[in-house]
>>> print(open('upload.cif').read())   # mmCIF, C-alpha atoms
data_entry
loop_
_atom_site.label_atom_id
_atom_site.label_comp_id
_atom_site.auth_asym_id
_atom_site.auth_seq_id
_atom_site.Cartn_x
_atom_site.Cartn_y
_atom_site.Cartn_z
CA GLU G 1 33.87 -164.53 -62.29
CA ALA G 2 37.09 -166.34 -61.36
CA GLN G 3 36.18 -169.84 -60.33
CA VAL G 4 36.81 -173.56 -60.32
CA THR G 5 33.90 -175.66 -61.49
CA GLN G 6 33.31 -179.36 -60.98
CA ASN G 7 30.76 -181.69 -62.49
CA PRO G 8 28.79 -183.51 -61.42
CA ARG G 9 28.20 -182.18 -57.92
CA TYR G 10 26.56 -185.40 -56.78
CA LEU G 11 26.94 -188.89 -58.18
CA ILE G 12 25.73 -192.29 -57.10
CA THR G 13 27.14 -195.20 -59.04
CA VAL G 14 27.83 -198.91 -58.75
CA THR G 15 31.06 -200.80 -58.31
CA GLY G 16 33.07 -201.14 -61.49
CA LYS G 17 31.27 -198.58 -63.62
CA LYS G 18 33.83 -196.15 -65.02
CA LEU G 19 33.24 -192.50 -64.27
CA THR G 20 34.84 -189.12 -64.85
CA VAL G 21 34.58 -186.03 -62.69
CA THR G 22 35.41 -182.90 -64.62
CA CYS G 23 37.25 -179.87 -63.27
CA SER G 24 37.76 -176.58 -65.03
CA GLN G 25 39.29 -173.25 -63.97
CA ASN G 26 39.21 -169.88 -65.70
CA MET G 27 42.11 -168.20 -63.88
CA ASN G 28 44.92 -169.42 -66.15
CA HIS G 29 46.49 -171.24 -63.21
CA GLU G 30 49.39 -173.58 -63.82
CA TYR G 31 48.83 -175.82 -60.82
CA MET G 32 45.79 -178.04 -60.37
CA SER G 33 45.08 -180.75 -57.87
CA TRP G 34 42.50 -183.29 -56.75
CA TYR G 35 41.69 -184.06 -53.12
CA ARG G 36 39.36 -186.37 -51.32
CA GLN G 37 37.93 -185.47 -47.96
CA ASP G 38 36.80 -188.08 -45.47
CA PRO G 39 35.59 -187.59 -41.88
CA GLY G 40 38.49 -187.44 -39.45
CA LEU G 41 41.10 -187.60 -42.21
CA GLY G 42 40.86 -184.13 -43.67
CA LEU G 43 41.90 -183.32 -47.23
CA ARG G 44 44.19 -185.85 -48.84
CA GLN G 45 45.78 -185.23 -52.19
CA ILE G 46 45.10 -187.72 -54.98
CA TYR G 47 46.97 -186.29 -57.97
CA TYR G 48 48.38 -182.94 -58.94
CA SER G 49 49.56 -181.23 -62.08
CA MET G 50 52.24 -178.56 -62.25
CA ASN G 51 51.31 -177.66 -65.82
CA VAL G 52 49.94 -179.03 -69.09
CA GLU G 53 51.00 -182.65 -69.67
CA VAL G 54 52.72 -182.76 -66.26
CA THR G 55 50.96 -184.85 -63.62
CA ASP G 56 52.13 -186.68 -60.53
CA LYS G 57 50.81 -188.80 -57.72
CA GLY G 58 49.74 -187.34 -54.43
CA ASP G 59 49.27 -189.22 -51.18
CA VAL G 60 46.37 -191.49 -52.19
CA PRO G 61 46.52 -192.11 -55.98
CA GLU G 62 45.46 -195.78 -56.06
CA GLY G 63 42.34 -196.35 -58.15
CA TYR G 64 42.44 -192.93 -59.83
CA LYS G 65 43.76 -191.49 -63.08
CA VAL G 66 44.06 -187.91 -64.30
CA SER G 67 45.01 -186.07 -67.45
CA ARG G 68 46.06 -182.50 -68.22
CA LYS G 69 45.73 -181.93 -71.94
CA GLU G 70 44.68 -178.31 -71.58
CA LYS G 71 45.62 -175.76 -68.97
CA ARG G 72 42.07 -175.13 -67.81
CA ASN G 73 40.87 -178.76 -67.43
CA PHE G 74 41.93 -181.51 -65.08
CA PRO G 75 39.50 -184.46 -65.09
CA LEU G 76 39.58 -187.20 -62.47
CA ILE G 77 38.91 -190.69 -63.78
CA LEU G 78 37.85 -193.71 -61.77
CA GLU G 79 38.28 -196.69 -64.09
CA SER G 80 36.64 -199.21 -61.76
CA PRO G 81 35.14 -197.49 -58.73
CA SER G 82 34.90 -199.33 -55.45
CA PRO G 83 32.93 -198.54 -52.28
CA ASN G 84 36.07 -197.27 -50.51
CA GLN G 85 36.16 -194.44 -53.04
CA THR G 86 32.93 -193.08 -51.63
CA SER G 87 33.99 -189.62 -50.57
CA LEU G 88 33.78 -185.87 -51.10
CA TYR G 89 36.12 -184.77 -53.87
CA PHE G 90 37.58 -181.33 -54.41
CA CYS G 91 39.49 -179.91 -57.33
CA ALA G 92 41.76 -176.92 -56.71
CA SER G 93 43.94 -174.61 -58.75
CA SER G 94 46.60 -172.02 -58.03
CA PRO G 95 49.48 -170.14 -59.60
CA PRO G 96 52.69 -172.20 -59.33
CA ALA G 97 52.47 -174.14 -56.04
CA GLY G 98 56.13 -173.62 -55.27
CA HIS G 99 55.37 -170.37 -53.48
CA GLY G 100 52.60 -171.67 -51.23
CA ASN G 101 50.09 -169.73 -53.25
CA GLU G 102 46.44 -169.68 -52.30
CA GLN G 103 44.55 -172.61 -53.67
CA PHE G 104 41.12 -171.97 -55.13
CA PHE G 105 38.80 -174.87 -54.54
CA GLY G 106 35.83 -176.05 -56.53
CA PRO G 107 32.45 -176.65 -54.88
CA GLY G 108 33.05 -180.37 -54.41
CA THR G 109 31.64 -183.61 -55.83
CA ARG G 110 29.97 -186.03 -53.48
CA LEU G 111 30.48 -189.55 -54.82
CA THR G 112 28.75 -192.65 -53.52
CA VAL G 113 29.83 -196.04 -54.86
CA LEU G 114 27.41 -198.87 -54.07
CA LYS Q 115 58.22 -186.32 -40.84
CA ASN Q 116 56.26 -183.31 -42.05
CA GLN Q 117 53.03 -183.09 -40.10
CA VAL Q 118 50.34 -180.55 -39.29
CA GLU Q 119 48.16 -181.13 -36.26
CA GLN Q 120 45.13 -179.13 -35.28
CA SER Q 121 43.25 -178.91 -32.03
CA PRO Q 122 40.62 -179.22 -30.90
CA GLN Q 123 38.97 -181.54 -33.42
CA SER Q 124 35.64 -179.90 -32.72
CA LEU Q 125 34.36 -177.02 -30.68
CA ILE Q 126 30.93 -175.68 -29.73
CA ILE Q 127 30.57 -172.11 -28.50
CA LEU Q 128 27.79 -169.65 -27.83
CA GLU Q 129 27.16 -166.84 -30.26
CA GLY Q 130 29.10 -163.74 -29.26
CA LYS Q 131 31.86 -165.64 -27.49
CA ASN Q 132 35.50 -165.77 -28.55
CA CYS Q 133 37.47 -168.88 -29.38
CA THR Q 134 40.97 -169.93 -30.39
CA LEU Q 135 41.96 -172.74 -32.71
CA GLN Q 136 45.44 -174.24 -32.66
CA CYS Q 137 47.78 -175.51 -35.36
CA ASN Q 138 51.13 -177.16 -34.60
CA TYR Q 139 53.46 -178.21 -37.36
CA THR Q 140 56.74 -180.01 -37.83
CA VAL Q 141 57.07 -178.97 -41.47
CA SER Q 142 60.47 -177.85 -42.64
CA PRO Q 143 61.81 -175.73 -44.30
CA PHE Q 144 58.85 -173.49 -43.59
CA SER Q 145 57.51 -171.18 -46.29
CA ASN Q 146 54.12 -170.01 -45.12
CA LEU Q 147 50.98 -171.04 -43.28
CA ARG Q 148 47.41 -170.48 -44.39
CA TRP Q 149 44.14 -170.78 -42.58
CA TYR Q 150 41.19 -171.85 -44.69
CA LYS Q 151 37.50 -171.73 -43.79
CA GLN Q 152 35.28 -174.47 -45.18
CA ASP Q 153 31.54 -174.02 -44.92
CA THR Q 154 29.50 -177.21 -44.93
CA GLY Q 155 29.15 -178.58 -48.45
CA ARG Q 156 31.55 -176.08 -49.99
CA GLY Q 157 35.22 -175.86 -50.87
CA PRO Q 158 37.74 -174.25 -48.50
CA VAL Q 159 38.43 -170.54 -48.85
CA SER Q 160 41.62 -168.83 -47.69
CA LEU Q 161 41.24 -166.56 -44.65
CA THR Q 162 44.79 -165.46 -44.09
CA ILE Q 163 48.41 -166.26 -44.84
CA MET Q 164 51.30 -166.06 -42.40
CA THR Q 165 54.90 -165.84 -43.54
CA PHE Q 166 58.00 -166.46 -41.46
CA SER Q 167 58.44 -162.83 -40.46
CA GLU Q 168 54.83 -162.21 -39.43
CA ASN Q 169 53.58 -162.69 -35.89
CA THR Q 170 50.02 -161.49 -36.18
CA LYS Q 171 47.58 -160.79 -38.97
CA SER Q 172 43.93 -159.84 -38.79
CA ASN Q 173 41.08 -160.28 -41.23
CA GLY Q 174 38.01 -158.72 -39.67
CA ARG Q 175 37.07 -160.73 -36.58
CA TYR Q 176 39.71 -163.34 -37.41
CA THR Q 177 43.23 -162.93 -36.04
CA ALA Q 178 45.99 -165.38 -36.86
CA THR Q 179 49.25 -165.63 -34.96
CA LEU Q 180 52.45 -167.43 -35.79
CA ASP Q 181 55.34 -168.45 -33.58
CA ALA Q 182 57.97 -169.78 -35.95
CA ASP Q 183 60.25 -170.80 -33.10
CA THR Q 184 57.76 -173.15 -31.50
CA LYS Q 185 56.11 -173.95 -34.84
CA GLN Q 186 52.67 -173.03 -33.65
CA SER Q 187 49.87 -170.94 -35.11
CA SER Q 188 46.51 -169.96 -33.73
CA LEU Q 189 43.34 -168.55 -35.21
CA HIS Q 190 41.35 -166.39 -32.84
CA ILE Q 191 37.73 -165.58 -33.62
CA THR Q 192 36.23 -162.63 -31.83
CA ALA Q 193 32.54 -162.10 -31.09
CA SER Q 194 31.53 -165.25 -32.93
CA GLN Q 195 28.55 -165.30 -35.26
CA LEU Q 196 26.40 -168.17 -36.46
CA SER Q 197 28.05 -167.82 -39.87
CA ASP Q 198 31.39 -168.72 -38.31
CA SER Q 199 30.15 -172.30 -38.03
CA ALA Q 200 32.52 -174.14 -40.35
CA SER Q 201 35.65 -176.24 -40.48
CA TYR Q 202 38.95 -174.38 -40.22
CA ILE Q 203 41.92 -175.95 -41.94
CA CYS Q 204 45.57 -175.11 -41.39
CA VAL Q 205 47.84 -175.61 -44.43
CA VAL Q 206 51.60 -175.27 -44.24
CA SER Q 207 53.86 -174.99 -47.27
CA VAL Q 208 57.56 -175.72 -47.51
CA LEU Q 209 60.24 -174.06 -49.57
CA THR Q 210 61.40 -177.18 -51.38
CA GLY Q 211 59.82 -179.80 -53.57
CA ALA Q 212 57.37 -179.71 -56.41
CA ASN Q 213 54.38 -180.49 -54.23
CA ASN Q 214 54.85 -178.71 -50.98
CA LEU Q 215 51.54 -178.39 -49.12
CA PHE Q 216 50.74 -180.12 -45.84
CA PHE Q 217 47.18 -180.11 -44.53
CA GLY Q 218 45.84 -180.35 -41.03
CA THR Q 219 42.67 -182.35 -40.48
CA GLY Q 220 40.75 -179.28 -39.43
CA THR Q 221 38.71 -178.03 -36.48
CA ARG Q 222 34.95 -178.19 -36.74
CA LEU Q 223 33.46 -175.08 -35.09
CA THR Q 224 29.78 -174.86 -34.25
CA VAL Q 225 28.34 -171.57 -33.02
CA ILE Q 226 24.99 -171.90 -31.30
CA PRO Q 227 22.47 -169.14 -30.53
#
>>> encode(input="upload.cif", output="structure tokens")
Amino acid sequence: EAQVTQNPRYLITVTGKKLTVTCSQNMNHEYMSWYRQDPGLGLRQIYYSMNVEVTDKGDVPEGYKVSRKEKRNFPLILESPSPNQTSLYFCASSPPAGHGNEQFFGPGTRLTVL
Amino acid sequence: KNQVEQSPQSLIILEGKNCTLQCNYTVSPFSNLRWYKQDTGRGPVSLTIMTFSENTKSNGRYTATLDADTKQSSLHITASQLSDSASYICVVSVLTGANNLFFGTGTRLTVIP
């Protein structure tokens, strides 16, 4: 089944404790992206990757890191989480984004930082 | 400034009724517009895509319209069902740039029995 998977789905952590949210897709998509979704603000892009070893900042990159060593994986790293990073996170993938292709979203990761 | 605005923010309707959601954009140069449906606790899923030359497109009980001159799109839901309760997100893409997607903040639709 073609899908985007994220792990964990739920996470409660404390301020400053490094964490990684994994994202994997099995559709051989070039483009991958991370979003956070907050009430009233909609989906905001954190980082995106046009292809392996190519990443760039989105609209709200502060406090986050990503890597794209393999085509299928695009982990999101929070080196020192803070309470304002409490949010619902989505990973998405698509064929090259330059054509406004459909994005396939993962199921989401609900993160709470205490 | 490239922006996508959706209205209303939220909407409550009775099961079986119709409704229309609006999306206005100032994005340029326009490539296409997608409507996504996001069920609670899940990722968004594409409902339909509108390109510059298309005025209307249907997907079951969902009908999207596009007026490229006024830069407006609407999503009309006919004979609503409880399963239509979700957020509906309008996403506009542009022709230029490496990262070319602009998201609306969504309309939260609740269908009640």
>>> interface_residues(input="upload.cif", of="chain G", to="chain Q", cutoff="9 Å", atoms="only C-alpha atoms", output="PyMOL selection string")
chain G and resi 39-44+48+50+58+90-92+97-108
>>> resolve_selection(input="upload.cif", expression="the PyMOL selection byres ((chain G and resi 112) around 7)", output="PDB file with C-alpha atoms, keeping the file's coordinate frame")
ATOM      1  CA  LEU G  11      26.940-188.890 -58.180  1.00  0.00           C
ATOM      2  CA  ILE G  12      25.730-192.290 -57.100  1.00  0.00           C
ATOM      3  CA  THR G  13      27.140-195.200 -59.040  1.00  0.00           C
ATOM      4  CA  THR G  86      32.930-193.080 -51.630  1.00  0.00           C
ATOM      5  CA  SER G  87      33.990-189.620 -50.570  1.00  0.00           C
ATOM      6  CA  ARG G 110      29.970-186.030 -53.480  1.00  0.00           C
ATOM      7  CA  LEU G 111      30.480-189.550 -54.820  1.00  0.00           C
ATOM      8  CA  VAL G 113      29.830-196.040 -54.860  1.00  0.00           C
ATOM      9  CA  LEU G 114      27.410-198.870 -54.070  1.00  0.00           C
TER      10      LEU G 114
END
>>> residues_around(input="upload.cif", residues="Leu128 (chain Q)", least_positions_apart="6", cutoff="9 Å", atoms="all atoms listed in the file", output="PDB file with C-alpha atoms, keeping the file's coordinate frame")
ATOM      1  CA  SER Q 194      31.530-165.250 -32.930  1.00  0.00           C
ATOM      2  CA  GLN Q 195      28.550-165.300 -35.260  1.00  0.00           C
ATOM      3  CA  LEU Q 196      26.400-168.170 -36.460  1.00  0.00           C
ATOM      4  CA  THR Q 224      29.780-174.860 -34.250  1.00  0.00           C
ATOM      5  CA  VAL Q 225      28.340-171.570 -33.020  1.00  0.00           C
ATOM      6  CA  ILE Q 226      24.990-171.900 -31.300  1.00  0.00           C
ATOM      7  CA  PRO Q 227      22.470-169.140 -30.530  1.00  0.00           C
TER       8      PRO Q 227
END
>>> resolve_selection(input="upload.cif", expression="the PyMOL selection byres ((chain Q and resi 192) around 7)", output="PyMOL selection string")
chain Q and resi 131-133+175-176+190-191+193-194
>>> write_last_selection(input="upload.cif", atoms="C-alpha atoms", output="PDB file, keeping the file's coordinate frame")
ATOM      1  CA  LYS Q 131      31.860-165.640 -27.490  1.00  0.00           C
ATOM      2  CA  ASN Q 132      35.500-165.770 -28.550  1.00  0.00           C
ATOM      3  CA  CYS Q 133      37.470-168.880 -29.380  1.00  0.00           C
ATOM      4  CA  ARG Q 175      37.070-160.730 -36.580  1.00  0.00           C
ATOM      5  CA  TYR Q 176      39.710-163.340 -37.410  1.00  0.00           C
ATOM      6  CA  HIS Q 190      41.350-166.390 -32.840  1.00  0.00           C
ATOM      7  CA  ILE Q 191      37.730-165.580 -33.620  1.00  0.00           C
ATOM      8  CA  ALA Q 193      32.540-162.100 -31.090  1.00  0.00           C
ATOM      9  CA  SER Q 194      31.530-165.250 -32.930  1.00  0.00           C
TER      10      SER Q 194
END
>>> residues_around(input="upload.cif", residues="Asp181 (chain Q)", least_positions_apart="6", cutoff="9 Å", atoms="only C-alpha atoms", output="ChimeraX atom specification")
/Q:166,168-169,187-188
>>> atom_distance(input="upload.cif", atom1="CA of Ile46 (chain G)", atom2="CA of Gln186 (chain Q)")
27.0 Å
>>> closest_residue(input="upload.cif", among="G:Val54, G:Lys65, G:Arg36, G:Thr109", to="Ser80 (chain G)", atoms="all atoms listed in the file")
G:Lys65
>>> atom_distance(input="upload.cif", atom1="CA of Arg222 (chain Q)", atom2="CA of Asp38 (chain G)")
13.3 Å
>>> atom_distance(input="upload.cif", atom1="CA of Pro95 (chain G)", atom2="CA of Leu135 (chain Q)")
28.0 Å
>>> resolve_selection(input="upload.cif", expression="the PyMOL selection byres ((chain G and resi 64) around 6)", output="number ranges by chain")
G: 61-63, 65, 77-78
>>> closest_residue(input="upload.cif", among="Q:Ser121, Q:Met164, Q:Lys115, Q:Ile127", to="Leu223 (chain Q)", atoms="only C-alpha atoms")
Q:Ile127
>>> closest_residue(input="upload.cif", among="G:Arg9, G:Pro75, G:Pro81, G:Tyr47", to="Gln25 (chain G)", atoms="only C-alpha atoms")
G:Pro75
>>> axis_aligned_box(input="upload.cif", around="region 153-172 of chain Q", padding_each_side="8 Å", output="JSON")
{"center_x": 43.8, "center_y": -169.2, "center_z": -43.4, "size_x": 45.3, "size_y": 34.7, "size_z": 31.0}
>>> closest_residue(input="upload.cif", among="Q:Asn116, Q:Ser197, Q:Thr179, Q:Ser172", to="Pro143 (chain Q)", atoms="only C-alpha atoms")
Q:Asn116
